[in-house]
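K.L.:
This is the structure I want to talk about, given as structure tokens.
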Amino acid sequence: MLVPGDEDLDPLALEVEEKSSGDRTCQTKTWENETSAQVKYKVFQGHQKAVNSCQFCSEDSRILTASSDQTAALWNVKTGEILRRYEGHRDVISQCHISHDATSFVSGSWDKTLNIWSTESGQILWSRTLGGIVTCCQISHSGRYVAAGTDLDSALTVWDSASGEIVYQKKDHHKSTITSLKFSPNDDRICTTSMDGTTKLWDLSSQNVTLEIGGHINIISSCCFDKNERNLCTGSWDKHLNIWDVSAGTFRTEGPLTLSKGHEGCISSCVYSSDAALLASGSYDCTVAVWDMSTMAPKLTLKGHEDWVTDVDFSQDSGTVLSCSKDRTLRLWNISVSDGKPVVLENKRSMGLRIVKCEDCQKPFSVSQSNDTETSHLCVFCRLQASREIPSFREVDMLEMPG
């Protein structure tokens, strides 16, 4: 997604060459090969300015996008055609997020408004004007709540999605602009990140912040949960991704696991695959990195965008990575058979790794060539499950609260 100021300022002072886009009317609707990694991809074009957010929906048959051209769009994944364009904002749309049943979606804009749309009719169901630019917005997994973050007042606001009534609003939730937010998979928490360098977990039941963490040396731009709420990932302009074990709380004594050397520029976005085996991250270095979470190392670097990558998403089967960019395009990357690609095999060989199948969950994972112990037959997630009873998310935070 796009944070105010991004279009005019490169936070790393990277020498990004502006490329003439011309009349971008063509669309690549068939899979082509990305030469360096032999990954097949498609390119979709249709927005007139930067594409700031992208999301698979309707069982991966559709894509919803938000753009600086003041429109949102619903795309056909198979044909690459725009099925419907949504017009109603008067400035850059920072982000769109669609409900689980794909019947409605929320959009937030630099015009300080938040709109709830009917996906099918294109009508605005309700709209609210906020005290600052809307930098991020989400619909809860249940569809019951809508949340948004803003810049000038650094406010977190939560609405009832049906009535549009405010459930909660806290100005100065952070000390600076809120850059991203995510509902936890169980919808009991909202994670927010900020330009103030902190990440907060806010509890919908108690309406209190139950956890505040730092861990980065620059603006924190993005966050995502894995499906079990075991791990929270944060991405930053410091080029690093931090993995926080918020279920067991091991970060309190051991710190987060840090993923580095995947990007040469600031990280803009991150997302887990549905099985949490992979993590994708987008960056202002114009690349998408796909991380193998069993080794905590980059698996693939996807190159092709001509400008900053602003958002990323996974298909439900984890076989396709979706990315969007300031270059006005969407790309779909077919990584379903990437384990056999030369670049992936070489990366694993250089790390002294081999691929085995977990005896419990039957998913492939990487182990050291020299590791012949009994535990090497289980992936890291199954080993953790077997070695200890994982406390609930809420129990861990209750232990942490003073008094």
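Scheme for the structure tokens: letters A, B, ... for chains in order shown; per-chain residue numbers from 1; ligand numbers from 1 in order shown.
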Could you list, as a ChimeraX atom specification, every residue within 6 Å of segment 146-151 of chain A, counting only C-alpha atoms and ignoring same-chain residues fewer than 2 positions away?

P.N.:
/A:132-139,153-159,161,177-178

K.L.:
With all heavy atoms retained, export the selected residues as a tab-separated table (two decimals), in the first residue's frame.

P.N.:
```tsv
chain	number	residue	atom	x	y	z
A	132	GLY	N	-8.07	12.52	9.04
A	132	GLY	CA	-6.80	12.53	8.33
A	132	GLY	C	-6.88	11.63	7.12
A	132	GLY	O	-7.90	10.95	6.87
A	133	ILE	N	-5.80	11.61	6.35
A	133	ILE	CA	-5.71	10.71	5.20
A	133	ILE	C	-5.86	9.27	5.67
A	133	ILE	O	-5.24	8.86	6.66
A	133	ILE	CB	-4.36	10.90	4.49
A	133	ILE	CG1	-4.36	12.23	3.71
A	133	ILE	CG2	-4.04	9.75	3.56
A	133	ILE	CD1	-3.01	12.58	3.12
A	134	VAL	N	-6.68	8.49	4.99
A	134	VAL	CA	-6.84	7.07	5.33
A	134	VAL	C	-5.69	6.30	4.68
A	134	VAL	O	-5.61	6.21	3.46
A	134	VAL	CB	-8.19	6.51	4.86
A	134	VAL	CG1	-8.32	5.04	5.27
A	134	VAL	CG2	-9.34	7.33	5.43
A	135	THR	N	-4.80	5.79	5.49
A	135	THR	CA	-3.61	5.11	4.98
A	135	THR	C	-3.81	3.61	4.83
A	135	THR	O	-3.11	2.97	4.04
A	135	THR	CB	-2.42	5.35	5.92
A	135	THR	OG1	-2.79	4.95	7.26
A	135	THR	CG2	-2.03	6.82	5.94
A	136	CYS	N	-4.76	3.02	5.59
A	136	CYS	CA	-4.97	1.57	5.53
A	136	CYS	C	-6.37	1.25	6.03
A	136	CYS	O	-6.95	1.99	6.83
A	136	CYS	CB	-3.92	0.83	6.37
A	136	CYS	SG	-3.71	1.48	8.05
A	137	CYS	N	-6.90	0.13	5.55
A	137	CYS	CA	-8.26	-0.28	5.96
A	137	CYS	C	-8.41	-1.78	5.75
A	137	CYS	O	-7.76	-2.37	4.88
A	137	CYS	CB	-9.31	0.48	5.17
A	137	CYS	SG	-9.16	0.38	3.37
A	138	GLN	N	-9.28	-2.39	6.57
A	138	GLN	CA	-9.49	-3.83	6.51
A	138	GLN	C	-10.92	-4.17	6.92
A	138	GLN	O	-11.54	-3.46	7.72
A	138	GLN	CB	-8.53	-4.57	7.47
A	138	GLN	CG	-7.07	-4.50	7.10
A	138	GLN	CD	-6.68	-5.59	6.11
A	138	GLN	OE1	-6.81	-6.77	6.38
A	138	GLN	NE2	-6.21	-5.16	4.95
A	139	ILE	N	-11.43	-5.28	6.39
A	139	ILE	CA	-12.66	-5.89	6.86
A	139	ILE	C	-12.28	-7.14	7.64
A	139	ILE	O	-11.40	-7.91	7.20
A	139	ILE	CB	-13.59	-6.26	5.69
A	139	ILE	CG1	-14.04	-5.00	4.94
A	139	ILE	CG2	-14.81	-7.03	6.18
A	139	ILE	CD1	-14.96	-5.28	3.76
A	153	ASP	N	-4.04	12.44	12.67
A	153	ASP	CA	-4.45	12.17	14.04
A	153	ASP	C	-4.02	10.80	14.53
A	153	ASP	O	-4.32	10.42	15.67
A	153	ASP	CB	-5.96	12.33	14.19
A	153	ASP	CG	-6.75	11.48	13.20
A	153	ASP	OD1	-6.12	10.73	12.44
A	153	ASP	OD2	-7.99	11.57	13.19
A	154	SER	N	-3.33	10.04	13.66
A	154	SER	CA	-2.81	8.71	14.02
A	154	SER	C	-3.88	7.86	14.71
A	154	SER	O	-3.61	7.19	15.70
A	154	SER	CB	-1.58	8.84	14.93
A	154	SER	OG	-0.60	9.66	14.34
A	155	ALA	N	-5.08	7.91	14.17
A	155	ALA	CA	-6.23	7.27	14.83
A	155	ALA	C	-6.49	5.87	14.31
A	155	ALA	O	-6.33	5.60	13.12
A	155	ALA	CB	-7.48	8.13	14.65
A	156	LEU	N	-6.93	5.00	15.20
A	156	LEU	CA	-7.48	3.70	14.86
A	156	LEU	C	-8.98	3.78	15.09
A	156	LEU	O	-9.43	4.13	16.19
A	156	LEU	CB	-6.88	2.60	15.73
A	156	LEU	CG	-7.56	1.22	15.63
A	156	LEU	CD1	-7.40	0.62	14.24
A	156	LEU	CD2	-7.00	0.26	16.69
A	157	THR	N	-9.76	3.49	14.05
A	157	THR	CA	-11.22	3.53	14.16
A	157	THR	C	-11.80	2.20	13.70
A	157	THR	O	-11.36	1.64	12.69
A	157	THR	CB	-11.82	4.66	13.30
A	157	THR	OG1	-11.15	5.90	13.60
A	157	THR	CG2	-13.31	4.81	13.57
A	158	VAL	N	-12.77	1.69	14.45
A	158	VAL	CA	-13.44	0.43	14.13
A	158	VAL	C	-14.94	0.70	14.04
A	158	VAL	O	-15.52	1.34	14.93
A	158	VAL	CB	-13.16	-0.66	15.19
A	158	VAL	CG1	-13.84	-1.97	14.81
A	158	VAL	CG2	-11.66	-0.86	15.37
A	159	TRP	N	-15.56	0.22	12.96
A	159	TRP	CA	-16.99	0.40	12.75
A	159	TRP	C	-17.71	-0.96	12.70
A	159	TRP	O	-17.10	-1.98	12.38
A	159	TRP	CB	-17.28	1.08	11.40
A	159	TRP	CG	-16.81	2.48	11.25
A	159	TRP	CD1	-17.53	3.63	11.45
A	159	TRP	CD2	-15.52	2.90	10.80
A	159	TRP	NE1	-16.77	4.73	11.15
A	159	TRP	CE2	-15.52	4.32	10.76
A	159	TRP	CE3	-14.35	2.22	10.44
A	159	TRP	CZ2	-14.43	5.06	10.35
A	159	TRP	CZ3	-13.24	2.95	10.06
A	159	TRP	CH2	-13.28	4.35	10.02
A	161	SER	N	-19.76	-3.08	10.44
A	161	SER	CA	-19.78	-3.05	8.98
A	161	SER	C	-21.19	-2.90	8.41
A	161	SER	O	-21.36	-2.34	7.32
A	161	SER	CB	-19.13	-4.31	8.41
A	161	SER	OG	-19.85	-5.47	8.79
A	177	THR	N	1.97	8.52	11.94
A	177	THR	CA	1.06	7.91	10.97
A	177	THR	C	0.98	6.39	11.11
A	177	THR	O	2.00	5.71	11.22
A	177	THR	CB	1.52	8.25	9.54
A	177	THR	OG1	1.50	9.66	9.38
A	177	THR	CG2	0.64	7.60	8.50
A	178	ILE	N	-0.24	5.86	11.10
A	178	ILE	CA	-0.44	4.41	11.05
A	178	ILE	C	-0.24	3.97	9.61
A	178	ILE	O	-0.87	4.49	8.69
A	178	ILE	CB	-1.85	4.03	11.54
A	178	ILE	CG1	-2.00	4.41	13.01
A	178	ILE	CG2	-2.11	2.54	11.34
A	178	ILE	CD1	-3.39	4.17	13.58
```

K.L.:
Let's see if you can do this: from backbone DSSP, list all strand (DSSP E) residues in segment 3-184 of chain A, as an NGL selection string.

P.N.:
:A and (28-34 or 39-45 or 51-57 or 62-67 or 71-76 or 82-87 or 93-98 or 104-109 or 113-118 or 124-129 or 134-139 or 145-150 or 156-160 or 166-170 or 178-183)

K.L.:
Report, in Å to a single decimal, how far apart atom CA of Asp91 of chain A and atom CA of Asp111 of chain A are.

P.N.:
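Separation of atom CA of Asp111 of chain A and atom CA of Asp91 of chain A: 5.2 Å.
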
K.L.:
When you draw a straight line from atom CA of Glu359 of chain A to atom CA of Met293 of chain A, how long is it in Å?

P.N.:
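Straight-line distance from atom CA of Glu359 of chain A to atom CA of Met293 of chain A works out to 17.6 Å.
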
K.L.:
Applying 6 Å and only C-alpha atoms, which residues near Tyr41 of chain A remain after dropping the ones on its own chain fewer than 5 positions away? List them as a list in words.

P.N.:
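The neighbour list is Trp31, Glu32, Leu332, Trp333 and Asn334 of chain A.
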
K.L.:
Would you save the residues of that selection, restricted to all heavy atoms, as a tab-separated table (two decimals), in the first residue's frame?

P.N.:
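Writing done, so here's result_24.tsv:
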```
chain	number	residue	atom	x	y	z
A	31	TRP	N	0.90	-17.11	-19.71
A	31	TRP	CA	2.09	-17.22	-18.87
A	31	TRP	C	3.35	-17.07	-19.72
A	31	TRP	O	3.50	-17.68	-20.75
A	31	TRP	CB	2.13	-18.58	-18.16
A	31	TRP	CG	1.05	-18.76	-17.14
A	31	TRP	CD1	-0.06	-19.55	-17.26
A	31	TRP	CD2	0.97	-18.16	-15.85
A	31	TRP	NE1	-0.82	-19.46	-16.13
A	31	TRP	CE2	-0.23	-18.62	-15.24
A	31	TRP	CE3	1.77	-17.26	-15.15
A	31	TRP	CZ2	-0.62	-18.23	-13.97
A	31	TRP	CZ3	1.37	-16.87	-13.88
A	31	TRP	CH2	0.21	-17.35	-13.30
A	32	GLU	N	4.29	-16.22	-19.25
A	32	GLU	CA	5.61	-16.08	-19.86
A	32	GLU	C	6.66	-16.44	-18.82
A	32	GLU	O	6.36	-16.60	-17.64
A	32	GLU	CB	5.82	-14.65	-20.36
A	32	GLU	CG	4.84	-14.26	-21.47
A	32	GLU	CD	5.13	-12.88	-22.03
A	32	GLU	OE1	6.10	-12.25	-21.56
A	32	GLU	OE2	4.40	-12.43	-22.91
A	332	LEU	N	1.25	-11.71	-11.91
A	332	LEU	CA	0.98	-12.99	-11.28
A	332	LEU	C	2.15	-13.91	-11.59
A	332	LEU	O	2.50	-14.11	-12.75
A	332	LEU	CB	-0.32	-13.61	-11.81
A	332	LEU	CG	-1.62	-12.94	-11.36
A	332	LEU	CD1	-1.99	-11.82	-12.32
A	332	LEU	CD2	-2.74	-13.96	-11.29
A	333	TRP	N	2.76	-14.46	-10.54
A	333	TRP	CA	3.94	-15.29	-10.67
A	333	TRP	C	3.58	-16.73	-10.31
A	333	TRP	O	3.10	-16.99	-9.21
A	333	TRP	CB	5.04	-14.80	-9.73
A	333	TRP	CG	5.31	-13.33	-9.78
A	333	TRP	CD1	4.65	-12.35	-9.09
A	333	TRP	CD2	6.33	-12.66	-10.54
A	333	TRP	NE1	5.19	-11.13	-9.37
A	333	TRP	CE2	6.22	-11.27	-10.26
A	333	TRP	CE3	7.33	-13.10	-11.42
A	333	TRP	CZ2	7.07	-10.33	-10.82
A	333	TRP	CZ3	8.17	-12.15	-11.98
A	333	TRP	CH2	8.04	-10.79	-11.68
A	334	ASN	N	3.81	-17.66	-11.23
A	334	ASN	CA	3.49	-19.06	-10.99
A	334	ASN	C	4.68	-19.74	-10.32
A	334	ASN	O	5.67	-20.10	-10.96
A	334	ASN	CB	3.17	-19.75	-12.32
A	334	ASN	CG	2.75	-21.20	-12.13
A	334	ASN	OD1	2.77	-21.72	-11.03
A	334	ASN	ND2	2.37	-21.86	-13.22
```

K.L.:
If we count only C-alpha atoms and set the cut-off at 9 Å, which residues sit around Glu212 of chain A, ignoring sequence neighbours fewer than 3 positions away in its own chain? Please answer as a VMD selection string.

P.N.:
chain A and resid 198 to 201 209

K.L.:
List as a list in words the protein and nucleic acid residues near Thr258 of chain A, meaning an atom at most 10 Å away when only C-alpha atoms are counted, but skip any in the same chain fewer than 5 places from it.

P.N.:
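Residues meeting the cut-off are Gly215, His216, Cys233, Thr234, Gly235, His240, Leu241, Asn242, Ile243, Trp244, Met296 and Ala297 of chain A.
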
K.L.:
With distances taken over only C-alpha atoms, which of A:Gln169, A:Ile213, A:Asn186, A:Gly262 is nearest to Asp245 of chain A?

P.N.:
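Of all the options, A:Ile213 lies closest to Asp245 of chain A.
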
K.L.:
Give me the residues near Ile190 of chain A as a list in words, where near means some atom within 9 Å (using only C-alpha atoms) and where sequence neighbours in that chain fewer than 3 positions away do not count.

P.N.:
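With the cut-off at 9 Å, the set is Ala147, Leu181, Lys182, Phe183, Ser184, Asp187, Lys200, Leu201, Trp202, Asp203 and Leu204 of chain A.
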
K.L.:
Quick one, how far is atom CA of Cys270 of chain A from atom CA of Ser67 of chain A?

P.N.:
18.5 Å

K.L.:
Give me the residues near Lys261 of chain A as a short mmCIF file (atom, residue, chain, number, x, y, z; two decimals) with N, CA and C atoms, in the first residue's frame, where near means some atom within 12 Å (using only C-alpha atoms) and where sequence neighbours in that chain fewer than 3 positions away do not count.

P.N.:
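Okay, part-v2.cif is ready:
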```cif
data_model
loop_
_atom_site.label_atom_id
_atom_site.label_comp_id
_atom_site.auth_asym_id
_atom_site.auth_seq_id
_atom_site.Cartn_x
_atom_site.Cartn_y
_atom_site.Cartn_z
N ASP A 238 13.80 -0.54 7.08
CA ASP A 238 15.20 -0.93 7.37
C ASP A 238 15.62 -2.16 6.56
N LYS A 239 14.76 -2.59 5.61
CA LYS A 239 15.01 -3.70 4.68
C LYS A 239 14.83 -5.07 5.31
N HIS A 240 14.40 -5.14 6.56
CA HIS A 240 14.30 -6.41 7.28
C HIS A 240 12.85 -6.77 7.56
N LEU A 241 12.61 -8.07 7.70
CA LEU A 241 11.36 -8.62 8.19
C LEU A 241 11.63 -9.28 9.53
N THR A 258 14.89 -12.59 12.48
CA THR A 258 15.01 -11.55 11.47
C THR A 258 15.36 -12.14 10.11
N GLU A 264 17.20 -5.12 -1.32
CA GLU A 264 18.16 -4.03 -1.26
C GLU A 264 17.47 -2.70 -0.99
N GLY A 265 16.16 -2.70 -0.94
CA GLY A 265 15.39 -1.49 -0.67
C GLY A 265 14.40 -1.70 0.45
N CYS A 266 13.71 -0.63 0.80
CA CYS A 266 12.71 -0.67 1.87
C CYS A 266 11.62 -1.68 1.56
N ILE A 267 11.13 -2.34 2.59
CA ILE A 267 10.05 -3.31 2.43
C ILE A 267 8.71 -2.58 2.56
N ALA A 289 10.21 -10.89 -2.94
CA ALA A 289 10.97 -12.02 -2.39
C ALA A 289 10.01 -13.05 -1.83
N VAL A 290 10.27 -14.32 -2.13
CA VAL A 290 9.49 -15.43 -1.57
C VAL A 290 10.41 -16.17 -0.60
N TRP A 291 10.01 -16.24 0.64
CA TRP A 291 10.84 -16.80 1.71
C TRP A 291 10.35 -18.19 2.09
N MET A 296 13.98 -20.03 6.91
CA MET A 296 14.05 -18.60 7.16
C MET A 296 15.00 -17.91 6.18
N ALA A 297 14.97 -18.35 4.93
CA ALA A 297 15.87 -17.81 3.91
C ALA A 297 15.09 -17.54 2.62
N PRO A 298 15.60 -16.64 1.78
CA PRO A 298 14.92 -16.38 0.50
C PRO A 298 14.91 -17.62 -0.37
N LYS A 299 13.78 -17.89 -0.99
CA LYS A 299 13.63 -19.02 -1.90
C LYS A 299 13.69 -18.54 -3.35
N LEU A 300 13.01 -17.44 -3.62
CA LEU A 300 12.99 -16.86 -4.96
C LEU A 300 12.99 -15.34 -4.86
N THR A 301 13.63 -14.68 -5.82
CA THR A 301 13.50 -13.25 -5.99
C THR A 301 12.87 -13.01 -7.35
#
```

K.L.:
Calculated over only C-alpha atoms, which of the candidates A:His89, A:His100, A:His377, A:His174 has the smallest distance to Tyr145 of chain A?

P.N.:
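With only C-alpha atoms as the atom set, the closest residue is A:His100.
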
K.L.:
Given only C-alpha atoms as the basis, pick out the residue of A:Gly143, A:Pro185, A:Gly80, A:Gly164 nearest to Trp126 of chain A.

P.N.:
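Using only C-alpha atoms, Trp126 of chain A sits closest to A:Gly164.
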